[in-house]
Structure formats: structure tokens, C-alpha cells
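One file, structure.cif, is given below (mmCIF, C-alpha atoms; chains and numbers go by the auth columns).
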```
data_my_file
#
loop_
_atom_site.group_PDB
_atom_site.id
_atom_site.type_symbol
_atom_site.label_atom_id
_atom_site.label_comp_id
_atom_site.label_asym_id
_atom_site.label_seq_id
_atom_site.Cartn_x
_atom_site.Cartn_y
_atom_site.Cartn_z
_atom_site.B_iso_or_equiv
_atom_site.auth_seq_id
_atom_site.auth_asym_id
ATOM 1 C CA MET A 1 -47.501 -7.453 1.657 0.00 1 H
ATOM 2 C CA GLN A 2 -43.924 -8.735 1.544 0.00 2 H
ATOM 3 C CA ARG A 3 -41.829 -8.524 -1.556 0.00 3 H
ATOM 4 C CA ALA A 4 -39.903 -11.494 -2.754 0.00 4 H
ATOM 5 C CA LYS A 5 -36.175 -11.218 -2.289 0.00 5 H
ATOM 6 C CA ILE A 6 -34.198 -11.235 -5.484 0.00 6 H
ATOM 7 C CA LYS A 7 -31.599 -13.962 -5.414 0.00 7 H
ATOM 8 C CA LYS A 8 -28.086 -12.693 -5.839 0.00 8 H
ATOM 9 C CA LYS A 9 -26.093 -14.297 -8.580 0.00 9 H
ATOM 10 C CA LYS A 10 -22.980 -16.033 -7.294 0.00 10 H
ATOM 11 C CA ILE A 11 -19.760 -14.828 -8.808 0.00 11 H
ATOM 12 C CA GLN A 12 -17.092 -17.437 -9.276 0.00 12 H
ATOM 13 C CA LEU A 13 -13.485 -16.572 -9.974 0.00 13 H
ATOM 14 C CA THR A 14 -10.543 -18.764 -10.757 0.00 14 H
ATOM 15 C CA ALA A 15 -7.574 -18.621 -8.401 0.00 15 H
ATOM 16 C CA SER A 16 -5.581 -16.542 -10.893 0.00 16 H
ATOM 17 C CA GLU A 17 -8.493 -14.116 -11.399 0.00 17 H
ATOM 18 C CA LEU A 18 -8.868 -13.760 -7.645 0.00 18 H
ATOM 19 C CA ASN A 19 -5.131 -13.146 -7.199 0.00 19 H
ATOM 20 C CA LYS A 20 -5.167 -10.553 -9.983 0.00 20 H
ATOM 21 C CA LEU A 21 -8.112 -8.787 -8.337 0.00 21 H
ATOM 22 C CA LYS A 22 -6.320 -8.837 -4.969 0.00 22 H
ATOM 23 C CA ARG A 23 -3.199 -7.312 -6.540 0.00 23 H
ATOM 24 C CA GLU A 24 -5.250 -4.558 -8.205 0.00 24 H
ATOM 25 C CA VAL A 25 -7.093 -3.713 -4.985 0.00 25 H
ATOM 26 C CA THR A 26 -3.853 -3.739 -2.998 0.00 26 H
ATOM 27 C CA LYS A 27 -2.102 -1.501 -5.528 0.00 27 H
ATOM 28 C CA ASN A 28 -5.016 0.937 -5.539 0.00 28 H
ATOM 29 C CA ALA A 29 -5.059 1.128 -1.731 0.00 29 H
ATOM 30 C CA THR A 30 -1.271 1.507 -1.615 0.00 30 H
ATOM 31 C CA ASP A 31 -1.323 4.293 -4.203 0.00 31 H
ATOM 32 C CA LYS A 32 -3.925 6.208 -2.181 0.00 32 H
ATOM 33 C CA ALA A 33 -2.039 5.707 1.086 0.00 33 H
ATOM 34 C CA CYS A 34 1.211 6.894 -0.518 0.00 34 H
ATOM 35 C CA LEU A 35 -0.474 9.994 -1.909 0.00 35 H
ATOM 36 C CA ILE A 36 -1.873 10.876 1.508 0.00 36 H
ATOM 37 C CA LEU A 37 1.501 10.250 3.138 0.00 37 H
ATOM 38 C CA LEU A 38 3.341 12.387 0.578 0.00 38 H
ATOM 39 C CA ALA A 39 0.875 15.246 1.072 0.00 39 H
ATOM 40 C CA ALA A 40 1.450 15.091 4.830 0.00 40 H
ATOM 41 C CA VAL A 41 5.241 14.972 4.384 0.00 41 H
ATOM 42 C CA ALA A 42 5.171 17.977 2.056 0.00 42 H
ATOM 43 C CA ASP A 43 3.036 19.966 4.514 0.00 43 H
ATOM 44 C CA GLU A 44 4.911 18.972 7.658 0.00 44 H
ATOM 45 C CA LEU A 45 8.445 19.403 6.327 0.00 45 H
ATOM 46 C CA SER A 46 7.765 22.295 3.919 0.00 46 H
ATOM 47 C CA ILE A 47 9.746 20.610 1.159 0.00 47 H
ATOM 48 C CA ASP A 48 9.990 21.842 -2.407 0.00 48 H
ATOM 49 C CA ASP A 49 8.810 20.074 -5.573 0.00 49 H
ATOM 50 C CA ASP A 50 12.194 18.481 -6.299 0.00 50 H
ATOM 51 C CA GLN A 51 12.452 17.025 -2.808 0.00 51 H
ATOM 52 C CA LEU A 52 8.893 15.713 -3.012 0.00 52 H
ATOM 53 C CA CYS A 53 9.625 14.076 -6.382 0.00 53 H
ATOM 54 C CA ASN A 54 12.715 12.420 -4.900 0.00 54 H
ATOM 55 C CA ILE A 55 10.655 11.057 -2.014 0.00 55 H
ATOM 56 C CA MET A 56 7.979 9.857 -4.451 0.00 56 H
ATOM 57 C CA SER A 57 10.574 8.027 -6.544 0.00 57 H
ATOM 58 C CA ARG A 58 12.118 6.394 -3.506 0.00 58 H
ATOM 59 C CA THR A 59 8.702 5.406 -2.144 0.00 59 H
ATOM 60 C CA ASP A 60 7.779 3.851 -5.486 0.00 60 H
ATOM 61 C CA ARG A 61 11.075 1.961 -5.566 0.00 61 H
ATOM 62 C CA TYR A 62 10.575 0.589 -2.046 0.00 62 H
ATOM 63 C CA ALA A 63 6.992 -0.421 -2.886 0.00 63 H
ATOM 64 C CA SER A 64 8.249 -2.304 -5.941 0.00 64 H
ATOM 65 C CA TYR A 65 10.734 -4.176 -3.732 0.00 65 H
ATOM 66 C CA VAL A 66 7.847 -5.406 -1.599 0.00 66 H
ATOM 67 C CA SER A 67 5.512 -6.229 -4.489 0.00 67 H
ATOM 68 C CA ASN A 68 8.301 -8.078 -6.327 0.00 68 H
ATOM 69 C CA HIS A 69 9.189 -9.998 -3.139 0.00 69 H
ATOM 70 C CA ILE A 70 12.702 -8.525 -2.996 0.00 70 H
ATOM 71 C CA ALA A 71 12.018 -7.167 0.497 0.00 71 H
ATOM 72 C CA LYS A 72 9.351 -7.693 3.122 0.00 72 H
ATOM 73 C CA MET A 73 7.528 -5.075 5.140 0.00 73 H
ATOM 74 C CA GLU A 74 9.323 -6.473 8.184 0.00 74 H
ATOM 75 C CA ASP A 75 12.676 -5.616 6.531 0.00 75 H
ATOM 76 C CA ILE A 76 11.564 -2.020 6.025 0.00 76 H
ATOM 77 C CA ARG A 77 10.220 -1.793 9.585 0.00 77 H
ATOM 78 C CA GLU A 78 13.538 -3.108 10.967 0.00 78 H
ATOM 79 C CA THR A 79 15.533 -0.640 8.851 0.00 79 H
ATOM 80 C CA ILE A 80 13.463 2.273 10.161 0.00 80 H
ATOM 81 C CA GLN A 81 13.939 1.068 13.728 0.00 81 H
ATOM 82 C CA LYS A 82 17.721 0.707 13.296 0.00 82 H
ATOM 83 C CA LYS A 83 18.108 4.162 11.738 0.00 83 H
ATOM 84 C CA THR A 84 15.690 6.100 13.954 0.00 84 H
ATOM 85 C CA GLY A 85 15.011 4.018 17.039 0.00 85 H
ATOM 86 C CA ILE A 86 11.290 4.214 16.230 0.00 86 H
ATOM 87 C CA LEU A 87 9.388 0.928 16.390 0.00 87 H
ATOM 88 C CA LEU A 88 6.453 0.937 13.981 0.00 88 H
ATOM 89 C CA LYS A 89 3.685 -1.525 14.739 0.00 89 H
ATOM 90 C CA GLY A 90 0.619 -2.425 12.752 0.00 90 H
ATOM 91 C CA TRP A 91 2.020 -3.358 9.365 0.00 91 H
ATOM 92 C CA SER A 92 2.355 -6.955 8.343 0.00 92 H
ATOM 93 C CA ASP A 93 3.127 -8.952 5.221 0.00 93 H
ATOM 94 C CA GLU A 94 -0.271 -10.629 5.279 0.00 94 H
#
```

Hey, can you dump this file as C-alpha cells for me?
Amino acid sequence: MQRAKIKKKKIQLTASELNKLKREVTKNATDKACLILLAAVADELSIDDDQLCNIMSRTDRYASYVSNHIAKMEDIRETIQKKTGILLKGWSDE
């Protein structure tokens, strides 16, 4: 005997609701990635609480530049390459 499949209700969002949801999901993912990165930095460099707080503040400031469209990820990638010679691939503004 086969059971009838329950039809899923379609969810419809306005463009502004969809954009708001995208921003929330992006912010949540970014917050988690930053936390993981900061934990790795603290472990690898053996920095103290004050240094970690300074890095956290700077990271938050840079993230706000990107989210407020003051800077693009490409700008940050280019700055890192100019200062360190390291070319980071894999991040995009999309």
C-alpha cells in the first residue's frame, strides 16, 4: 500500500523579504566564519585578550565596509596581496 504524498505549501516572498532573508543568512554565516577565524588566529599566534579584541574590532569594521558597499571583497583581496604578496582565491562579491 502506497501512502499519498502530502503536497508542500509554496512559500512566496516579496523581493524585499527575500533580500532581508538573504542579508540575515549572510550575516549569520559571516559571524560564524569570523568566530572560527578568530579562534584559529588566537591559537596560532598565541595572542592575548586585548590583541584578540583589537582584531575582532578591525574585522567587524572591515565587514561593515563590505556590507555597506564602501569596499568590495576584491579591494580587500588586493590589499592583502600588496602588503603580503599572498594571492587569495575563492572569495567573490557574488

Coordinates-based distance that separates atom CA of Thr26 of chain H from atom CA of Lys10 of chain H (Å, one decimal):
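Atom-to-atom, atom CA of Lys10 of chain H and atom CA of Thr26 of chain H are spaced 23.1 Å apart.
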
Write out as a ChimeraX atom specification each polymer residue whose atoms come within 8 Å of Leu38 of chain H, counting only C-alpha atoms; drop sequence neighbours fewer than 6 positions from it.
/H:52,55-56

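Distance check against Val66 of chain H using only C-alpha atoms: of H:Gln81, H:Thr30, H:Gln2, H:Thr14, the minimum falls on H:Thr30.
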
Write out as AutoDock Vina command-line options an axis-aligned box for segment 8-18 of chain H: all of its atoms listed in the file, 4 Å added on each side, centre and edge lengths in Å with one decimal.
```
--center_x -16.8 --center_y -15.7 --center_z -8.6 --size_x 30.5 --size_y 14.1 --size_z 13.6
```

Could you work out how far atom CA of Leu88 of chain H lies from atom CA of Glu74 of chain H, giving the answer in Å with one decimal?
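Interatomic distance here is 9.8 Å.
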
So how many Å separate atom CA of Asn68 of chain H and atom CA of Gln12 of chain H, to one decimal?
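Separation between atom CA of Asn68 of chain H and atom CA of Gln12 of chain H: 27.2 Å.
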
Sel. within 10 Å of pt (9.1, 0.5, 7.8), counting only C-alpha atoms, output as a PyMOL selection string:
chain H and resi 62+72-81+86-89+91

Please enumerate the residues selected by the PyMOL selection byres ((chain H and resi 34) around 12) when evaluated against the supplied file, formatted as an MDAnalysis selection string.
chainID H and resid 27:33 35:41 52 55:60 62:63
